[in-house]
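> Handing over input.txt, compact mmCIF, C-alpha atoms and all ligand atoms.
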```
# COMPACT_ATOMS: atom_id res chain seq x y z
CA MET R 1 -36.36 22.33 13.70
CA THR R 2 -36.03 24.46 16.84
CA HIS R 3 -32.57 24.39 18.31
CA SER R 4 -32.30 23.68 21.96
CA ALA R 5 -29.17 24.64 23.89
CA LEU R 6 -28.03 23.91 27.42
CA ILE R 7 -25.40 26.21 28.90
CA ILE R 8 -23.86 24.91 32.13
CA GLY R 9 -21.84 27.38 34.14
CA GLY R 10 -23.78 30.06 32.30
CA GLY R 11 -22.52 32.78 34.64
CA SER R 12 -19.23 32.54 32.74
CA HIS R 13 -18.48 35.64 30.68
CA ILE R 14 -17.96 33.47 27.60
CA GLY R 15 -21.10 31.49 28.52
CA ARG R 16 -23.11 34.71 28.66
CA ALA R 17 -21.77 35.69 25.24
CA ILE R 18 -22.97 32.32 23.93
CA ILE R 19 -26.41 32.97 25.45
CA ASN R 20 -26.52 36.40 23.78
CA GLN R 21 -25.54 34.96 20.39
CA LEU R 22 -28.19 32.27 20.65
CA LEU R 23 -30.85 34.79 21.68
CA GLN R 24 -29.96 37.01 18.71
CA SER R 25 -29.67 34.28 16.08
CA LYS R 26 -32.07 34.10 13.13
CA GLN R 27 -33.35 30.78 14.45
CA PRO R 28 -33.49 31.54 18.18
CA ALA R 29 -32.78 28.50 20.28
CA GLN R 30 -34.72 27.33 23.30
CA ILE R 31 -32.17 28.04 25.98
CA THR R 32 -31.65 26.35 29.32
CA VAL R 33 -28.98 27.71 31.67
CA VAL R 34 -27.47 26.23 34.83
CA SER R 35 -25.41 28.43 37.14
CA ARG R 36 -24.57 28.98 40.78
CA GLY R 37 -25.93 32.49 40.38
CA SER R 38 -29.45 33.77 39.88
CA GLN R 39 -30.91 34.79 36.53
CA PRO R 40 -29.85 38.29 35.44
CA SER R 41 -32.92 40.43 34.78
CA ILE R 42 -31.74 41.22 31.22
CA TYR R 43 -32.44 37.66 30.14
CA LYS R 44 -35.98 36.93 29.08
CA GLY R 45 -37.39 33.81 27.51
CA LEU R 46 -34.96 31.28 28.83
CA ALA R 47 -35.06 28.67 31.55
CA TRP R 48 -32.51 29.46 34.29
CA HIS R 49 -31.75 26.91 36.99
CA GLN R 50 -29.53 27.48 40.02
CA SER R 51 -27.25 24.66 41.12
CA ASP R 52 -24.56 24.03 43.70
CA TYR R 53 -23.10 21.43 41.30
CA SER R 54 -23.48 18.64 43.82
CA GLU R 55 -24.32 15.32 42.20
CA ALA R 56 -27.75 15.43 43.83
CA SER R 57 -28.41 18.77 42.15
CA MET R 58 -27.13 17.53 38.77
CA ALA R 59 -29.35 14.43 38.97
CA ARG R 60 -32.38 16.53 39.95
CA LEU R 61 -31.86 18.99 37.11
CA VAL R 62 -31.31 16.32 34.46
CA ASN R 63 -34.48 14.63 35.67
CA THR R 64 -36.35 17.94 35.26
CA PHE R 65 -34.97 18.37 31.71
CA ASN R 66 -35.97 14.80 30.89
CA GLU R 67 -39.50 15.27 32.20
CA SER R 68 -39.90 18.47 30.17
CA GLY R 69 -39.22 16.36 27.05
CA ARG R 70 -36.63 18.79 25.73
CA TYR R 71 -33.82 17.35 23.61
CA TYR R 72 -30.64 19.38 23.40
CA ASP R 73 -28.63 19.70 20.22
CA GLN R 74 -25.97 21.93 21.77
CA VAL R 75 -24.47 21.73 25.25
CA PHE R 76 -21.79 24.05 26.63
CA ILE R 77 -19.94 23.19 29.85
CA CYS R 78 -18.11 26.33 30.89
CA HIS R 79 -16.69 25.64 34.38
CA GLY R 80 -13.16 26.81 34.94
CA ILE R 81 -11.15 28.67 37.57
CA LEU R 82 -7.59 29.93 37.43
CA HIS R 83 -7.96 32.04 40.56
CA ASP R 84 -10.72 32.89 42.99
CA ASP R 85 -10.97 33.92 46.63
CA GLN R 86 -9.42 30.56 47.62
CA VAL R 87 -6.71 29.97 45.01
CA SER R 88 -4.22 31.66 42.73
CA PRO R 89 -2.03 30.01 40.10
CA GLU R 90 1.21 28.55 41.47
CA LYS R 91 4.49 29.98 40.21
CA ARG R 92 6.78 27.42 41.85
CA LEU R 93 6.64 24.09 43.64
CA GLU R 94 6.64 25.76 47.07
CA ASP R 95 3.24 27.28 46.20
CA LEU R 96 1.53 23.88 45.89
CA ASP R 97 -1.20 23.37 48.48
CA SER R 98 -3.34 20.27 48.77
CA ASP R 99 -6.68 22.03 49.48
CA SER R 100 -6.16 24.55 46.67
CA MET R 101 -5.23 21.81 44.20
CA GLN R 102 -8.30 19.77 45.12
CA HIS R 103 -10.53 22.81 44.69
CA VAL R 104 -9.16 23.56 41.21
CA PHE R 105 -9.43 19.91 40.15
CA GLN R 106 -12.99 19.75 41.46
CA VAL R 107 -14.14 22.75 39.42
CA ASN R 108 -12.06 22.26 36.25
CA ALA R 109 -12.04 18.49 35.80
CA ILE R 110 -14.38 16.62 38.14
CA THR R 111 -17.51 18.76 37.81
CA PRO R 112 -17.53 18.72 33.96
CA ALA R 113 -16.97 14.93 33.97
CA LEU R 114 -19.86 14.43 36.40
CA TRP R 115 -22.11 16.44 34.08
CA LEU R 116 -21.24 14.02 31.26
CA LYS R 117 -22.16 11.15 33.58
CA HIS R 118 -25.55 12.63 34.47
CA LEU R 119 -26.35 13.92 30.98
CA LEU R 120 -25.70 10.62 29.18
CA PRO R 121 -29.26 9.21 29.48
CA LEU R 122 -30.68 12.53 28.28
CA LEU R 123 -28.23 13.16 25.44
CA LYS R 124 -28.51 9.68 24.01
CA GLN R 125 -32.14 10.48 23.17
CA SER R 126 -31.07 13.40 20.93
CA ALA R 127 -30.91 12.82 17.19
CA LEU R 128 -27.73 14.90 17.07
CA CYS R 129 -25.96 16.75 19.85
CA LYS R 130 -22.69 18.65 20.03
CA VAL R 131 -21.13 19.16 23.44
CA ALA R 132 -18.42 21.80 23.91
CA ILE R 133 -16.45 21.59 27.14
CA PHE R 134 -14.11 24.48 27.88
CA SER R 135 -10.56 23.22 28.16
CA ALA R 136 -7.40 25.32 27.64
CA ARG R 137 -4.24 25.13 25.56
CA VAL R 138 -2.21 25.22 28.78
CA GLY R 139 -3.71 21.77 29.49
CA SER R 140 -1.63 20.44 26.60
CA ILE R 141 1.34 18.49 28.02
CA ASP R 142 3.11 18.82 24.68
CA ASP R 143 2.70 22.60 24.71
CA ASN R 144 4.03 23.15 28.26
CA HIS R 145 7.34 24.95 27.82
CA LEU R 146 6.93 27.56 30.55
CA GLY R 147 5.81 25.49 33.56
CA GLY R 148 3.93 27.12 36.45
CA TRP R 149 0.15 27.26 36.88
CA TYR R 150 0.44 23.67 38.17
CA SER R 151 -3.14 23.08 39.22
CA TYR R 152 -4.80 24.85 36.30
CA ARG R 153 -2.61 23.10 33.73
CA ALA R 154 -2.93 19.70 35.40
CA SER R 155 -6.68 19.99 35.93
CA LYS R 156 -7.25 20.85 32.27
CA ALA R 157 -4.97 17.94 31.21
CA ALA R 158 -7.02 15.71 33.54
CA LEU R 159 -10.21 17.15 32.04
CA ASN R 160 -8.97 16.23 28.56
CA MET R 161 -8.27 12.64 29.63
CA LEU R 162 -11.68 12.35 31.32
CA LEU R 163 -13.30 13.67 28.13
CA LYS R 164 -11.29 11.24 25.99
CA SER R 165 -12.58 8.28 28.01
CA ALA R 166 -16.09 9.73 27.93
CA ALA R 167 -15.83 10.08 24.12
CA VAL R 168 -14.93 6.39 23.81
CA GLU R 169 -17.95 5.46 25.93
CA TYR R 170 -20.33 7.97 24.33
CA ALA R 171 -19.33 6.56 20.89
CA ARG R 172 -20.82 3.27 22.00
CA ARG R 173 -23.72 4.43 24.17
CA ALA R 174 -24.68 7.77 22.55
CA PRO R 175 -23.18 7.71 19.04
CA GLU R 176 -25.01 10.85 17.87
CA VAL R 177 -23.14 12.99 20.40
CA LYS R 178 -19.94 14.84 19.44
CA LEU R 179 -17.56 16.00 22.19
CA LEU R 180 -15.29 19.02 21.75
CA ALA R 181 -12.61 20.18 24.21
CA PHE R 182 -12.39 23.85 23.28
CA HIS R 183 -9.65 26.43 23.81
CA PRO R 184 -11.13 29.91 23.43
CA GLY R 185 -7.81 31.76 23.14
CA THR R 186 -7.15 34.44 25.73
CA ALA R 187 -10.52 36.07 26.31
CA ASP R 188 -11.06 39.28 28.22
CA THR R 189 -12.88 37.89 31.27
CA PRO R 190 -12.29 37.96 35.04
CA LEU R 191 -10.44 34.64 34.67
CA SER R 192 -7.68 36.07 32.47
CA ARG R 193 -7.73 39.72 33.52
CA PRO R 194 -4.98 39.63 36.18
CA PHE R 195 -2.66 37.94 33.64
CA SER R 196 -3.60 39.54 30.34
CA LYS R 197 -1.44 42.68 30.30
CA ASN R 198 1.30 40.95 28.25
CA VAL R 199 -1.07 39.46 25.70
CA PRO R 200 0.01 40.72 22.27
CA GLU R 201 -2.16 43.30 20.54
CA GLY R 202 -5.08 41.67 18.76
CA LYS R 203 -4.77 38.43 20.75
CA LEU R 204 -7.04 39.36 23.65
CA PHE R 205 -10.49 38.41 22.43
CA GLN R 206 -13.86 39.69 23.45
CA PRO R 207 -16.22 36.96 24.68
CA THR R 208 -18.59 37.76 21.79
CA PHE R 209 -15.88 36.88 19.28
CA VAL R 210 -15.10 33.63 21.09
CA ALA R 211 -18.79 32.71 21.16
CA GLU R 212 -19.11 33.36 17.41
CA ARG R 213 -16.05 31.21 16.69
CA LEU R 214 -17.26 28.37 18.90
CA LEU R 215 -20.75 28.31 17.38
CA ALA R 216 -19.25 28.26 13.85
CA ILE R 217 -16.88 25.44 14.79
CA LEU R 218 -19.65 23.41 16.41
CA ASP R 219 -21.77 23.78 13.26
CA SER R 220 -19.01 22.20 11.20
CA LEU R 221 -18.44 19.18 13.46
CA GLU R 222 -20.18 15.83 13.06
CA PRO R 223 -20.36 12.93 15.52
CA ASP R 224 -17.34 10.71 14.77
CA GLY R 225 -16.82 8.94 18.08
CA GLU R 226 -13.77 11.09 18.79
CA LEU R 227 -12.93 13.87 21.21
CA SER R 228 -11.64 16.91 19.31
CA PHE R 229 -9.26 19.33 21.04
CA LEU R 230 -9.54 22.52 19.01
CA ASP R 231 -8.79 26.19 19.41
CA TRP R 232 -10.81 29.22 18.34
CA GLN R 233 -9.18 29.03 14.86
CA HIS R 234 -10.47 25.46 14.46
CA GLU R 235 -6.86 24.23 14.73
CA ARG R 236 -6.03 21.00 16.50
CA ILE R 237 -4.05 21.27 19.72
CA ALA R 238 -1.50 18.58 20.61
CA TRP R 239 -2.45 16.54 23.67
N1 LIG R 301 -10.72 33.61 29.60
C1 LIG R 301 -9.71 32.98 29.04
O1 LIG R 301 -8.71 33.61 28.59
C2 LIG R 301 -9.70 31.49 28.94
C3 LIG R 301 -8.60 30.86 28.29
C4 LIG R 301 -8.60 29.47 28.20
C5 LIG R 301 -9.66 28.73 28.70
N2 LIG R 301 -10.71 29.37 29.33
C6 LIG R 301 -11.79 28.54 29.86
O2 LIG R 301 -13.02 29.05 29.43
C7 LIG R 301 -14.05 28.75 30.39
C8 LIG R 301 -14.89 29.98 30.69
O3 LIG R 301 -14.07 30.93 31.34
P1 LIG R 301 -14.37 32.49 31.41
O4 LIG R 301 -13.17 33.15 30.89
O5 LIG R 301 -15.71 32.79 30.81
O6 LIG R 301 -14.35 32.70 32.98
P2 LIG R 301 -15.43 33.22 34.04
O7 LIG R 301 -16.27 34.29 33.49
O8 LIG R 301 -14.62 33.48 35.27
O9 LIG R 301 -16.36 31.92 34.27
C9 LIG R 301 -16.09 30.98 35.28
C10 LIG R 301 -16.88 29.71 35.07
O10 LIG R 301 -16.52 28.75 36.08
C11 LIG R 301 -17.66 28.40 36.85
N3 LIG R 301 -17.24 28.35 38.26
C12 LIG R 301 -16.55 29.29 38.96
N4 LIG R 301 -16.35 28.88 40.23
C13 LIG R 301 -16.94 27.65 40.31
C14 LIG R 301 -17.10 26.72 41.37
N5 LIG R 301 -16.61 26.95 42.60
N6 LIG R 301 -17.74 25.54 41.10
C15 LIG R 301 -18.22 25.30 39.86
N7 LIG R 301 -18.12 26.15 38.83
C16 LIG R 301 -17.49 27.32 39.06
C17 LIG R 301 -18.68 29.49 36.60
O11 LIG R 301 -19.98 28.94 36.74
P3 LIG R 301 -21.26 29.76 37.34
O12 LIG R 301 -22.16 30.05 36.19
O13 LIG R 301 -21.89 28.78 38.27
O14 LIG R 301 -20.74 31.00 38.01
C18 LIG R 301 -18.37 29.84 35.15
O15 LIG R 301 -18.95 28.87 34.29
C19 LIG R 301 -13.30 28.17 31.62
O16 LIG R 301 -13.36 26.76 31.58
C20 LIG R 301 -11.87 28.60 31.39
O17 LIG R 301 -10.93 27.73 32.01
C21 LIG R 301 -10.75 30.72 29.45
```
Written as structure tokens, that's how I'd like the structure from this file.

Amino acid sequence: MTHSALIIGGGSHIGRAIINQLLQSKQPAQITVVSRGSQPSIYKGLAWHQSDYSEASMARLVNTFNESGRYYDQVFICHGILHDDQVSPEKRLEDLDSDSMQHVFQVNAITPALWLKHLLPLLKQSALCKVAIFSARVGSIDDNHLGGWYSYRASKAALNMLLKSAAVEYARRAPEVKLLAFHPGTADTPLSRPFSKNVPEGKLFQPTFVAERLLAILDSLEPDGELSFLDWQHERIAW
């Protein structure tokens, strides 16, 4: 059977590594990508769609996928910001800012949840589908010993709760879909780069490595009605 993969937020450095792995695999997948950006010329043989991630755009795209009759067996939702031209991670309470917090929550938690809303009618037609949503260990409340990074941490914790509720509902309405909240480790991408100088030797991963780990982990998972929160080593992370 031909694999069919949908990569959302495919401009992500880890997302691009996933695309590369899928293009190079022995059983090349049919690949659909959604991104704010345009298709890089190096990519051939995939369907690239631009989106502003408004709900209207999501609905339009999912309708297009539906009409093309393509069923996805792997979906990757890559959205995530720690800093951009509007925000940087807060070090102390005085740094909190309502607009910045809303922006981070929109990208990190709300947009992925809205994708799960719009994708449900499509994914429930798949015989088997595994959906990886990029979370982060710093979204673990149990694991928060250092504080700081208020919006990033809280938005990933909120993402995890949204995914948990979605997993309960998908178990009933799309039981062949498995949801995974994935922590890639610290990967060498623009997201981590300003903060990665203290990462211990050997713990700063290349996106290619992360993509390999994620694809191997996804292969081993089966739909069980649960949301898994796993890291790149396939180890469970405390909520
Ligand atoms: N790098 C790490 O060390 C690390 C660690 C833990 C977790 N993660 C998570 O891994 C995922 C991928 O991160 P990355 O390291 O590959 O970072 P990246 O290269 O900076 O990718 C950023 C991602 O966020 C999306 N994005 C950026 N601004 C957005 C906006 N305004 N609205 C909607 N989407 C927006 C991008 O989508 P477009 O395709 O539309 O540009 C892209 O998918 C993120 O969820 C991140 O939180 C990364």
> So how many Å separate atom CA of Ser228 of chain R and atom CA of Gln125 of chain R, to one decimal?
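Going from atom CA of Ser228 of chain R over to atom CA of Gln125 of chain R covers 21.8 Å.
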> What residues have any atom no more than 7 Å from ligand LIG 301 (chain R) when counting only C-alpha atoms and all ligand atoms, and can you list them as a PyMOL selection string?
chain R and resi 8-15+34-37+53+78-82+107-108+111+134-137+183-192
> Keeping C-alpha atoms for every residue in the selection just given, could you write it to a file as a compact mmCIF listing (two decimals), keeping the file's coordinate frame?

```txt
# COMPACT_ATOMS: atom_id res chain seq x y z
CA ILE R 8 -23.86 24.91 32.13
CA GLY R 9 -21.84 27.38 34.14
CA GLY R 10 -23.78 30.06 32.30
CA GLY R 11 -22.52 32.78 34.64
CA SER R 12 -19.23 32.54 32.74
CA HIS R 13 -18.48 35.64 30.68
CA ILE R 14 -17.96 33.47 27.60
CA GLY R 15 -21.10 31.49 28.52
CA VAL R 34 -27.47 26.23 34.83
CA SER R 35 -25.41 28.43 37.14
CA ARG R 36 -24.57 28.98 40.78
CA GLY R 37 -25.93 32.49 40.38
CA TYR R 53 -23.10 21.43 41.30
CA CYS R 78 -18.11 26.33 30.89
CA HIS R 79 -16.69 25.64 34.38
CA GLY R 80 -13.16 26.81 34.94
CA ILE R 81 -11.15 28.67 37.57
CA LEU R 82 -7.59 29.93 37.43
CA VAL R 107 -14.14 22.75 39.42
CA ASN R 108 -12.06 22.26 36.25
CA THR R 111 -17.51 18.76 37.81
CA PHE R 134 -14.11 24.48 27.88
CA SER R 135 -10.56 23.22 28.16
CA ALA R 136 -7.40 25.32 27.64
CA ARG R 137 -4.24 25.13 25.56
CA HIS R 183 -9.65 26.43 23.81
CA PRO R 184 -11.13 29.91 23.43
CA GLY R 185 -7.81 31.76 23.14
CA THR R 186 -7.15 34.44 25.73
CA ALA R 187 -10.52 36.07 26.31
CA ASP R 188 -11.06 39.28 28.22
CA THR R 189 -12.88 37.89 31.27
CA PRO R 190 -12.29 37.96 35.04
CA LEU R 191 -10.44 34.64 34.67
CA SER R 192 -7.68 36.07 32.47
```
> How far is it from atom CA of Tyr71 of chain R to atom CA of Cys129 of chain R, in Å with one decimal?
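Separating atom CA of Tyr71 of chain R from atom CA of Cys129 of chain R is a distance of 8.7 Å.
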> For atom CA of Lys91 of chain R and atom CA of Glu201 of chain R, determine how far apart the two atoms are, in Å to one decimal place.
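Between atom CA of Lys91 of chain R and atom CA of Glu201 of chain R the gap is 24.7 Å.
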> Write out as a tab-separated table (two decimals) with C-alpha atoms, keeping the file's coordinate frame which residues come within 12 Å of Ile42 of chain R when counting all atoms listed in the file, dropping same-chain ones fewer than 4 positions away.

```
chain	number	residue	atom	x	y	z
R	16	ARG	CA	-23.11	34.71	28.66
R	19	ILE	CA	-26.41	32.97	25.45
R	20	ASN	CA	-26.52	36.40	23.78
R	23	LEU	CA	-30.85	34.79	21.68
R	38	SER	CA	-29.45	33.77	39.88
R	46	LEU	CA	-34.96	31.28	28.83
```
> Name all residues at most 8 Å from Ala171 of chain R (count all atoms listed in the file; drop same-chain ones fewer than 3 positions away) and give them as a CSV table (one decimal) with C-alpha atoms, keeping the file's coordinate frame.

```
chain,number,residue,atom,x,y,z
R,167,ALA,CA,-15.8,10.1,24.1
R,168,VAL,CA,-14.9,6.4,23.8
R,174,ALA,CA,-24.7,7.8,22.6
R,175,PRO,CA,-23.2,7.7,19.0
R,176,GLU,CA,-25.0,10.8,17.9
R,177,VAL,CA,-23.1,13.0,20.4
R,224,ASP,CA,-17.3,10.7,14.8
R,225,GLY,CA,-16.8,8.9,18.1
R,226,GLU,CA,-13.8,11.1,18.8
```
> Please check which residues have atoms at most 12 Å from (-34.0, 29.2, 32.7) in the file's coordinates, counting all atoms listed in the file, and write them as a ChimeraX atom specification.
/R:5-8,10,19,30-35,37-41,43-51,61,64-65
> Can you list, as a PyMOL selection string, every protein, DNA or RNA residue that comes within 9 Å of Ser140 of chain R when you count all atoms listed in the file, leaving out same-chain residues fewer than 2 positions away?
chain R and resi 136-138+142-144+153-154+156-157+160+237-239
> Find the smallest box with edges along x, y and z containing every listed atom of segment 162-171 of chain R, then add 5 Å on each side and report centre and edge lengths in Å to one decimal, as lines of an AutoDock Vina configuration file.

```
center_x = -15.8
center_y = 9.6
center_z = 26.1
size_x = 19.0
size_y = 18.2
size_z = 20.4
```
> Of the candidates R:Gly147, R:Lys178, R:Glu67, R:Lys26, which one gets nearest to Asp219 of chain R if we count only C-alpha atoms?
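Of R:Gly147, R:Lys178, R:Glu67, R:Lys26, the one nearest Asp219 of chain R is R:Lys178, counting only C-alpha atoms.
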> Nearest to Val210 of chain R among R:Ser68, R:Gln21, R:Ser4, R:Ser165, with distances taken over only C-alpha atoms: which residue is it?
R:Gln21
> Contacts of Ile217 of chain R at 10 Å or less, counting all atoms listed in the file, minus same-chain residues fewer than 3 places along, as a list in words?
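Those residues are Ala132, Leu180, Phe182, Ala211, Glu212, Arg213, Leu214, Ser220, Leu221, Leu230, Asp231, Trp232, Gln233 and His234 of chain R.
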> Using all atoms listed in the file, find the one residue out of R:Ala181, R:Leu159, R:Leu119, R:Leu93 that sits nearest to Phe105 of chain R.
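Of all the options, R:Leu159 lies closest to Phe105 of chain R.
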